Structures are given as structure tokens and as C-alpha cells.
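A quick write-up on the structure given underneath.
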Amino acid sequence: MTAKIIVSQYISLDGVIEDPVGMENSGLGDWTGPFTRGPGGDKFKRAELFSASAVLLGRTTYDSFAAVWPLVKDEEGFADRMNSMPKFVASNSPSEAGWNNTTVLSGDVVARVGELKEKLDGNILIYGSAGLVHSLMPVGLIDRYNLMVYPTVLGRGTRLFPAGYSVAQMKLIDVRPFNDGIVHLRYEA
């Protein structure tokens, strides 16, 4: 068994992952707007989640997801899937994880994620968690990037790709436009 690790990220044109869709008052730019990705984008995100066998998160993203997802109700079953599927949180903070079906990966995160990848089968999605992505990227543990690029430039903030890393190092395997100028880019690492 060997799982594939897929980074699934909303991103601005300049690579910033902090609030590219204007959902929160991040102070990173003047562009704001409702969170939208249209029916095609919604269908894609649902299929992506339902094809995954687990979710891998950094501690900050985990804490924000754990505070929200258990309260979400939807007719499409997205919340039920997110709440019931196995979740792994890379953290050296206290090992408690209150969200159901969560395992804390503490210690050497690269080693623990490598072990997880060998143990599981299927796709493991990483949402958010730039620090986690930055630690896994240089050691080759990420297999694919699903990027929903929003038509905005924020100018500053946490970037998905660290300085010196270029998407030219990856293979573009799919481009799909969604509404409102949003484009899905899929890369193999």
C-alpha cells in the first residue's frame, strides 16, 4: 500500500493562500467577494473529498476545521464525509484531538507522514497547512497539487510555494476553468 499525498489549496494569482477568496477580513488586500467556485468547482471539490481516504492537516488548520466542521449540515454530504473520514494532524502541541476519527502525528513530522503514506492506500488530502506543505515538499512526500487559483493579487501573506521553489519544477497535468475567473490547475510533483 502506498497513498498519494495531494495538496488541495485555494490560492491567489501571486501564490498567497491566506484568504484569496475574501471570506475573512485578512487585511491582505482590497479584493473581497463571496466565496464561490460555481457548480463545476463545487462538483470537483466534492469528488476530490469523496475520492480521498484521509485528510492530513497542520495544527492551526486542524483547530480551525475542528471548530467548524462538526457544526456544518449540508444536503450534499460533504460535511458528513469530512467529519467521518480519518484525519491526521501533524502537531507537537498537546496530543489531544477532539474531532472524531483524528490521530495526532507528533515528533518528526516528515518521518511520521512517510510512515502514514506507506501504511494507507488511496489519496490523502492536505488542506491549508502551509508549514506542513513546506516541510513535506523538499523531501518528495507530495505527489500532486490541486490549486484553485482566484483572480486576485494580495501582495503579501503566506505563500504556498517557498522562495526559490517554482511550479516549473512540477508537471502541469490539467487545467480547468470555473466561474468568476477561477481556474483549477493540477500538477504532479
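Letters for chains follow the order of the C-alpha cells (A, B, ...), residue numbers begin at 1 for each chain, and ligand numbers begin at 1 in the order shown.
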Near segment 66-68 of chain A, within 9 Å and counting only C-alpha atoms, which residues show up once chain neighbours fewer than 5 positions away are dropped, as a ChimeraX atom specification? /A:61,83,97-100
Proximity of segment 69-153 of chain A to segment 164-180 of chain A: per-residue shortest pair, 12 Å limit, only C-alpha atoms, as a tab-separated table:
```
residue	atom	partner	partner_atom	distance
A:His134	CA	A:Tyr165	CA	10.1
A:Met137	CA	A:Tyr165	CA	9.5
A:Pro138	CA	A:Tyr165	CA	9.3
A:Gly140	CA	A:Met170	CA	11.4
A:Ile142	CA	A:Met170	CA	11.0
A:Asp143	CA	A:Met170	CA	9.9
A:Arg144	CA	A:Met170	CA	8.9
A:Tyr145	CA	A:Met170	CA	9.2
A:Asn146	CA	A:Asp174	CA	9.3
A:Leu147	CA	A:Val175	CA	9.7
A:Met148	CA	A:Phe178	CA	9.0
A:Val149	CA	A:Pro177	CA	9.5
A:Tyr150	CA	A:Asp180	CA	8.4
A:Pro151	CA	A:Asp180	CA	8.0
A:Thr152	CA	A:Asp180	CA	11.0
```
Output for the residues just chosen: N, CA and C atoms as a PDB file, in the first residue's frame:
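For reference, part-v6.pdb as written:
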```
ATOM      1  N   HIS A 134       5.342  22.980   3.396  1.00  0.00           N
ATOM      2  CA  HIS A 134       6.744  23.401   3.241  1.00  0.00           C
ATOM      3  C   HIS A 134       7.715  22.364   3.793  1.00  0.00           C
ATOM      4  N   MET A 137       7.399  19.198   1.082  1.00  0.00           N
ATOM      5  CA  MET A 137       7.748  19.487  -0.304  1.00  0.00           C
ATOM      6  C   MET A 137       9.203  19.120  -0.648  1.00  0.00           C
ATOM      7  N   PRO A 138      10.197  19.572   0.124  1.00  0.00           N
ATOM      8  CA  PRO A 138      11.585  19.310  -0.293  1.00  0.00           C
ATOM      9  C   PRO A 138      12.024  17.852  -0.179  1.00  0.00           C
ATOM     10  N   GLY A 140      10.062  15.276  -1.083  1.00  0.00           N
ATOM     11  CA  GLY A 140       9.360  14.485  -2.088  1.00  0.00           C
ATOM     12  C   GLY A 140       8.166  13.694  -1.592  1.00  0.00           C
ATOM     13  N   ILE A 142       5.056  14.910  -1.352  1.00  0.00           N
ATOM     14  CA  ILE A 142       3.830  15.387  -2.003  1.00  0.00           C
ATOM     15  C   ILE A 142       3.810  14.870  -3.436  1.00  0.00           C
ATOM     16  N   ASP A 143       2.678  14.284  -3.808  1.00  0.00           N
ATOM     17  CA  ASP A 143       2.542  13.700  -5.144  1.00  0.00           C
ATOM     18  C   ASP A 143       1.842  14.608  -6.139  1.00  0.00           C
ATOM     19  N   ARG A 144       0.880  15.417  -5.645  1.00  0.00           N
ATOM     20  CA  ARG A 144       0.086  16.233  -6.567  1.00  0.00           C
ATOM     21  C   ARG A 144      -0.392  17.490  -5.866  1.00  0.00           C
ATOM     22  N   TYR A 145      -0.634  18.525  -6.668  1.00  0.00           N
ATOM     23  CA  TYR A 145      -1.191  19.785  -6.185  1.00  0.00           C
ATOM     24  C   TYR A 145      -2.460  20.067  -6.970  1.00  0.00           C
ATOM     25  N   ASN A 146      -3.573  20.242  -6.276  1.00  0.00           N
ATOM     26  CA  ASN A 146      -4.819  20.710  -6.869  1.00  0.00           C
ATOM     27  C   ASN A 146      -4.997  22.156  -6.415  1.00  0.00           C
ATOM     28  N   LEU A 147      -4.788  23.091  -7.326  1.00  0.00           N
ATOM     29  CA  LEU A 147      -4.826  24.509  -6.971  1.00  0.00           C
ATOM     30  C   LEU A 147      -6.012  25.182  -7.637  1.00  0.00           C
ATOM     31  N   MET A 148      -6.877  25.780  -6.843  1.00  0.00           N
ATOM     32  CA  MET A 148      -7.960  26.602  -7.377  1.00  0.00           C
ATOM     33  C   MET A 148      -7.467  28.042  -7.272  1.00  0.00           C
ATOM     34  N   VAL A 149      -7.098  28.609  -8.424  1.00  0.00           N
ATOM     35  CA  VAL A 149      -6.477  29.922  -8.480  1.00  0.00           C
ATOM     36  C   VAL A 149      -7.562  30.978  -8.683  1.00  0.00           C
ATOM     37  N   TYR A 150      -7.604  31.933  -7.743  1.00  0.00           N
ATOM     38  CA  TYR A 150      -8.585  33.009  -7.775  1.00  0.00           C
ATOM     39  C   TYR A 150      -8.000  34.240  -8.437  1.00  0.00           C
ATOM     40  N   PRO A 151      -8.819  35.008  -9.171  1.00  0.00           N
ATOM     41  CA  PRO A 151      -8.319  36.152  -9.940  1.00  0.00           C
ATOM     42  C   PRO A 151      -8.084  37.382  -9.051  1.00  0.00           C
ATOM     43  N   THR A 152      -7.133  37.255  -8.152  1.00  0.00           N
ATOM     44  CA  THR A 152      -6.792  38.362  -7.278  1.00  0.00           C
ATOM     45  C   THR A 152      -5.311  38.308  -6.943  1.00  0.00           C
TER      46      THR A 152
END
```
Got a sec: who's within 12 Å of Ser135 of chain A, counting only C-alpha atoms, leaving out chain neighbours fewer than 5 positions off, as a PDB file with all heavy atoms, in the first residue's frame?
```
ATOM      1  N   GLY A  58      -2.086  20.487   9.310  1.00  0.00           N
ATOM      2  CA  GLY A  58      -1.240  21.062  10.340  1.00  0.00           C
ATOM      3  C   GLY A  58      -2.115  21.457  11.515  1.00  0.00           C
ATOM      4  O   GLY A  58      -3.346  21.495  11.413  1.00  0.00           O
ATOM      5  N   ALA A  90      -0.603  16.868  12.103  1.00  0.00           N
ATOM      6  CA  ALA A  90       0.827  16.945  12.413  1.00  0.00           C
ATOM      7  C   ALA A  90       0.993  18.022  13.476  1.00  0.00           C
ATOM      8  O   ALA A  90       0.708  19.190  13.226  1.00  0.00           O
ATOM      9  CB  ALA A  90       1.618  17.298  11.163  1.00  0.00           C
ATOM     10  N   ASP A 108       8.917  13.746  14.669  1.00  0.00           N
ATOM     11  CA  ASP A 108       9.465  14.087  13.357  1.00  0.00           C
ATOM     12  C   ASP A 108       8.355  13.965  12.310  1.00  0.00           C
ATOM     13  O   ASP A 108       7.988  12.858  11.881  1.00  0.00           O
ATOM     14  CB  ASP A 108      10.623  13.136  13.038  1.00  0.00           C
ATOM     15  CG  ASP A 108      11.261  13.388  11.682  1.00  0.00           C
ATOM     16  OD1 ASP A 108      10.725  14.176  10.881  1.00  0.00           O
ATOM     17  OD2 ASP A 108      12.307  12.774  11.423  1.00  0.00           O
ATOM     18  N   VAL A 109       7.808  15.099  11.892  1.00  0.00           N
ATOM     19  CA  VAL A 109       6.649  15.100  11.007  1.00  0.00           C
ATOM     20  C   VAL A 109       6.962  14.435   9.667  1.00  0.00           C
ATOM     21  O   VAL A 109       6.133  13.704   9.122  1.00  0.00           O
ATOM     22  CB  VAL A 109       6.082  16.527  10.809  1.00  0.00           C
ATOM     23  CG1 VAL A 109       7.025  17.411  10.033  1.00  0.00           C
ATOM     24  CG2 VAL A 109       4.738  16.477  10.128  1.00  0.00           C
ATOM     25  N   VAL A 110       8.144  14.648   9.134  1.00  0.00           N
ATOM     26  CA  VAL A 110       8.495  14.035   7.855  1.00  0.00           C
ATOM     27  C   VAL A 110       8.490  12.510   7.978  1.00  0.00           C
ATOM     28  O   VAL A 110       7.927  11.808   7.145  1.00  0.00           O
ATOM     29  CB  VAL A 110       9.864  14.569   7.358  1.00  0.00           C
ATOM     30  CG1 VAL A 110      10.354  13.763   6.165  1.00  0.00           C
ATOM     31  CG2 VAL A 110       9.753  16.041   6.996  1.00  0.00           C
ATOM     32  N   ALA A 111       9.094  11.990   9.026  1.00  0.00           N
ATOM     33  CA  ALA A 111       9.107  10.537   9.239  1.00  0.00           C
ATOM     34  C   ALA A 111       7.702   9.998   9.455  1.00  0.00           C
ATOM     35  O   ALA A 111       7.335   8.961   8.881  1.00  0.00           O
ATOM     36  CB  ALA A 111       9.999  10.186  10.436  1.00  0.00           C
ATOM     37  N   ARG A 112       6.915  10.692  10.259  1.00  0.00           N
ATOM     38  CA  ARG A 112       5.557  10.216  10.551  1.00  0.00           C
ATOM     39  C   ARG A 112       4.669  10.232   9.308  1.00  0.00           C
ATOM     40  O   ARG A 112       3.891   9.307   9.076  1.00  0.00           O
ATOM     41  CB  ARG A 112       4.914  11.053  11.674  1.00  0.00           C
ATOM     42  CG  ARG A 112       5.602  10.955  13.032  1.00  0.00           C
ATOM     43  CD  ARG A 112       5.533   9.550  13.657  1.00  0.00           C
ATOM     44  NE  ARG A 112       4.253   8.923  13.672  1.00  0.00           N
ATOM     45  CZ  ARG A 112       3.304   9.056  14.601  1.00  0.00           C
ATOM     46  NH1 ARG A 112       3.509   9.820  15.644  1.00  0.00           N
ATOM     47  NH2 ARG A 112       2.158   8.424  14.506  1.00  0.00           N
ATOM     48  N   VAL A 113       4.782  11.268   8.503  1.00  0.00           N
ATOM     49  CA  VAL A 113       3.982  11.333   7.274  1.00  0.00           C
ATOM     50  C   VAL A 113       4.469  10.281   6.281  1.00  0.00           C
ATOM     51  O   VAL A 113       3.660   9.648   5.600  1.00  0.00           O
ATOM     52  CB  VAL A 113       4.003  12.755   6.674  1.00  0.00           C
ATOM     53  CG1 VAL A 113       3.357  12.772   5.297  1.00  0.00           C
ATOM     54  CG2 VAL A 113       3.276  13.731   7.614  1.00  0.00           C
ATOM     55  N   GLY A 114       5.764  10.049   6.209  1.00  0.00           N
ATOM     56  CA  GLY A 114       6.284   8.976   5.357  1.00  0.00           C
ATOM     57  C   GLY A 114       5.722   7.623   5.755  1.00  0.00           C
ATOM     58  O   GLY A 114       5.334   6.818   4.908  1.00  0.00           O
ATOM     59  N   SER A 129      -2.540  24.528   5.790  1.00  0.00           N
ATOM     60  CA  SER A 129      -1.344  23.940   6.397  1.00  0.00           C
ATOM     61  C   SER A 129      -0.051  24.214   5.638  1.00  0.00           C
ATOM     62  O   SER A 129       0.715  23.294   5.332  1.00  0.00           O
ATOM     63  CB  SER A 129      -1.545  22.434   6.588  1.00  0.00           C
ATOM     64  OG  SER A 129      -2.754  22.163   7.248  1.00  0.00           O
ATOM     65  N   ALA A 130       0.226  25.481   5.341  1.00  0.00           N
ATOM     66  CA  ALA A 130       1.419  25.847   4.574  1.00  0.00           C
ATOM     67  C   ALA A 130       2.697  25.334   5.222  1.00  0.00           C
ATOM     68  O   ALA A 130       3.583  24.837   4.529  1.00  0.00           O
ATOM     69  CB  ALA A 130       1.498  27.359   4.389  1.00  0.00           C
ATOM     70  N   GLY A 140      10.062  15.276  -1.083  1.00  0.00           N
ATOM     71  CA  GLY A 140       9.360  14.485  -2.088  1.00  0.00           C
ATOM     72  C   GLY A 140       8.166  13.694  -1.592  1.00  0.00           C
ATOM     73  O   GLY A 140       7.797  12.701  -2.219  1.00  0.00           O
ATOM     74  N   LEU A 141       7.533  14.111  -0.501  1.00  0.00           N
ATOM     75  CA  LEU A 141       6.373  13.367   0.008  1.00  0.00           C
ATOM     76  C   LEU A 141       5.054  13.817  -0.607  1.00  0.00           C
ATOM     77  O   LEU A 141       4.033  13.168  -0.418  1.00  0.00           O
ATOM     78  CB  LEU A 141       6.305  13.460   1.530  1.00  0.00           C
ATOM     79  CG  LEU A 141       7.333  12.605   2.261  1.00  0.00           C
ATOM     80  CD1 LEU A 141       7.288  12.851   3.763  1.00  0.00           C
ATOM     81  CD2 LEU A 141       7.118  11.126   1.962  1.00  0.00           C
ATOM     82  N   ILE A 142       5.056  14.910  -1.352  1.00  0.00           N
ATOM     83  CA  ILE A 142       3.830  15.387  -2.003  1.00  0.00           C
ATOM     84  C   ILE A 142       3.810  14.870  -3.436  1.00  0.00           C
ATOM     85  O   ILE A 142       4.788  14.980  -4.167  1.00  0.00           O
ATOM     86  CB  ILE A 142       3.739  16.915  -1.957  1.00  0.00           C
ATOM     87  CG1 ILE A 142       3.655  17.369  -0.496  1.00  0.00           C
ATOM     88  CG2 ILE A 142       2.538  17.406  -2.765  1.00  0.00           C
ATOM     89  CD1 ILE A 142       3.732  18.853  -0.292  1.00  0.00           C
ATOM     90  N   LEU A 160       2.065  29.520  -0.766  1.00  0.00           N
ATOM     91  CA  LEU A 160       2.100  28.066  -0.809  1.00  0.00           C
ATOM     92  C   LEU A 160       3.502  27.573  -1.134  1.00  0.00           C
ATOM     93  O   LEU A 160       4.001  26.645  -0.522  1.00  0.00           O
ATOM     94  CB  LEU A 160       1.107  27.523  -1.835  1.00  0.00           C
ATOM     95  CG  LEU A 160       1.092  26.007  -1.993  1.00  0.00           C
ATOM     96  CD1 LEU A 160       0.698  25.329  -0.675  1.00  0.00           C
ATOM     97  CD2 LEU A 160       0.149  25.586  -3.104  1.00  0.00           C
ATOM     98  N   PHE A 161       4.138  28.203  -2.112  1.00  0.00           N
ATOM     99  CA  PHE A 161       5.471  27.777  -2.523  1.00  0.00           C
ATOM    100  C   PHE A 161       6.507  28.699  -1.907  1.00  0.00           C
ATOM    101  O   PHE A 161       6.442  29.911  -2.073  1.00  0.00           O
ATOM    102  CB  PHE A 161       5.596  27.755  -4.044  1.00  0.00           C
ATOM    103  CG  PHE A 161       4.615  26.810  -4.687  1.00  0.00           C
ATOM    104  CD1 PHE A 161       3.525  27.289  -5.387  1.00  0.00           C
ATOM    105  CD2 PHE A 161       4.768  25.439  -4.556  1.00  0.00           C
ATOM    106  CE1 PHE A 161       2.608  26.419  -5.963  1.00  0.00           C
ATOM    107  CE2 PHE A 161       3.861  24.557  -5.128  1.00  0.00           C
ATOM    108  CZ  PHE A 161       2.782  25.054  -5.834  1.00  0.00           C
ATOM    109  N   PRO A 162       7.487  28.141  -1.204  1.00  0.00           N
ATOM    110  CA  PRO A 162       8.505  28.974  -0.562  1.00  0.00           C
ATOM    111  C   PRO A 162       9.426  29.620  -1.600  1.00  0.00           C
ATOM    112  O   PRO A 162       9.460  29.192  -2.761  1.00  0.00           O
ATOM    113  CB  PRO A 162       9.276  27.983   0.316  1.00  0.00           C
ATOM    114  CG  PRO A 162       9.048  26.652  -0.297  1.00  0.00           C
ATOM    115  CD  PRO A 162       7.697  26.721  -0.954  1.00  0.00           C
TER     116      PRO A 162
END
```
Could you check how far atom CA of Asp121 of chain A sits from atom CA of Lys4 of chain A, in Å to one decimal? 7.7 Å
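Interatomic distance, atom CA of Phe50 of chain A against atom CA of Glu115 of chain A: 22.9 Å.
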Can you pull out the residues contacting Ile126 of chain A? Cut-off 6 Å, using only C-alpha atoms, and skip same-chain residues under 2 positions away; I want them as a ChimeraX atom specification. /A:7-8,55-57
Taking C-alpha atoms for each residue, export the selection above as a short mmCIF file (atom, residue, chain, number, x, y, z; two decimals), in the first residue's frame.
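File written: result16.cif
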```cif
data_model
loop_
_atom_site.label_atom_id
_atom_site.label_comp_id
_atom_site.auth_asym_id
_atom_site.auth_seq_id
_atom_site.Cartn_x
_atom_site.Cartn_y
_atom_site.Cartn_z
CA VAL A 7 -2.24 19.36 -1.62
CA SER A 8 -5.65 20.92 -2.23
CA VAL A 55 -7.15 14.21 5.45
CA LEU A 56 -3.78 15.45 6.75
CA LEU A 57 -3.65 18.86 8.45
#
```
Thr103 of chain A surroundings by only C-alpha atoms, 9 Å radius, close-in-sequence under 5 positions cut, as a VMD selection string: chain A and resid 86 to 90 95 to 97
Would you mind listing what lies within 10 Å of Ile17 of chain A as a VMD selection string, with only C-alpha atoms counted and same-chain residues fewer than 4 positions away left out? chain A and resid 9 to 13 21 128 to 130 149 154 156 to 161
Could you find all residues in chain A that DSSP calls helix (DSSP H, G or I) from the backbone, and write them as a PyMOL selection string? chain A and resi 38-51+59-71+78-84+109-119+130-139+167-169+179-181
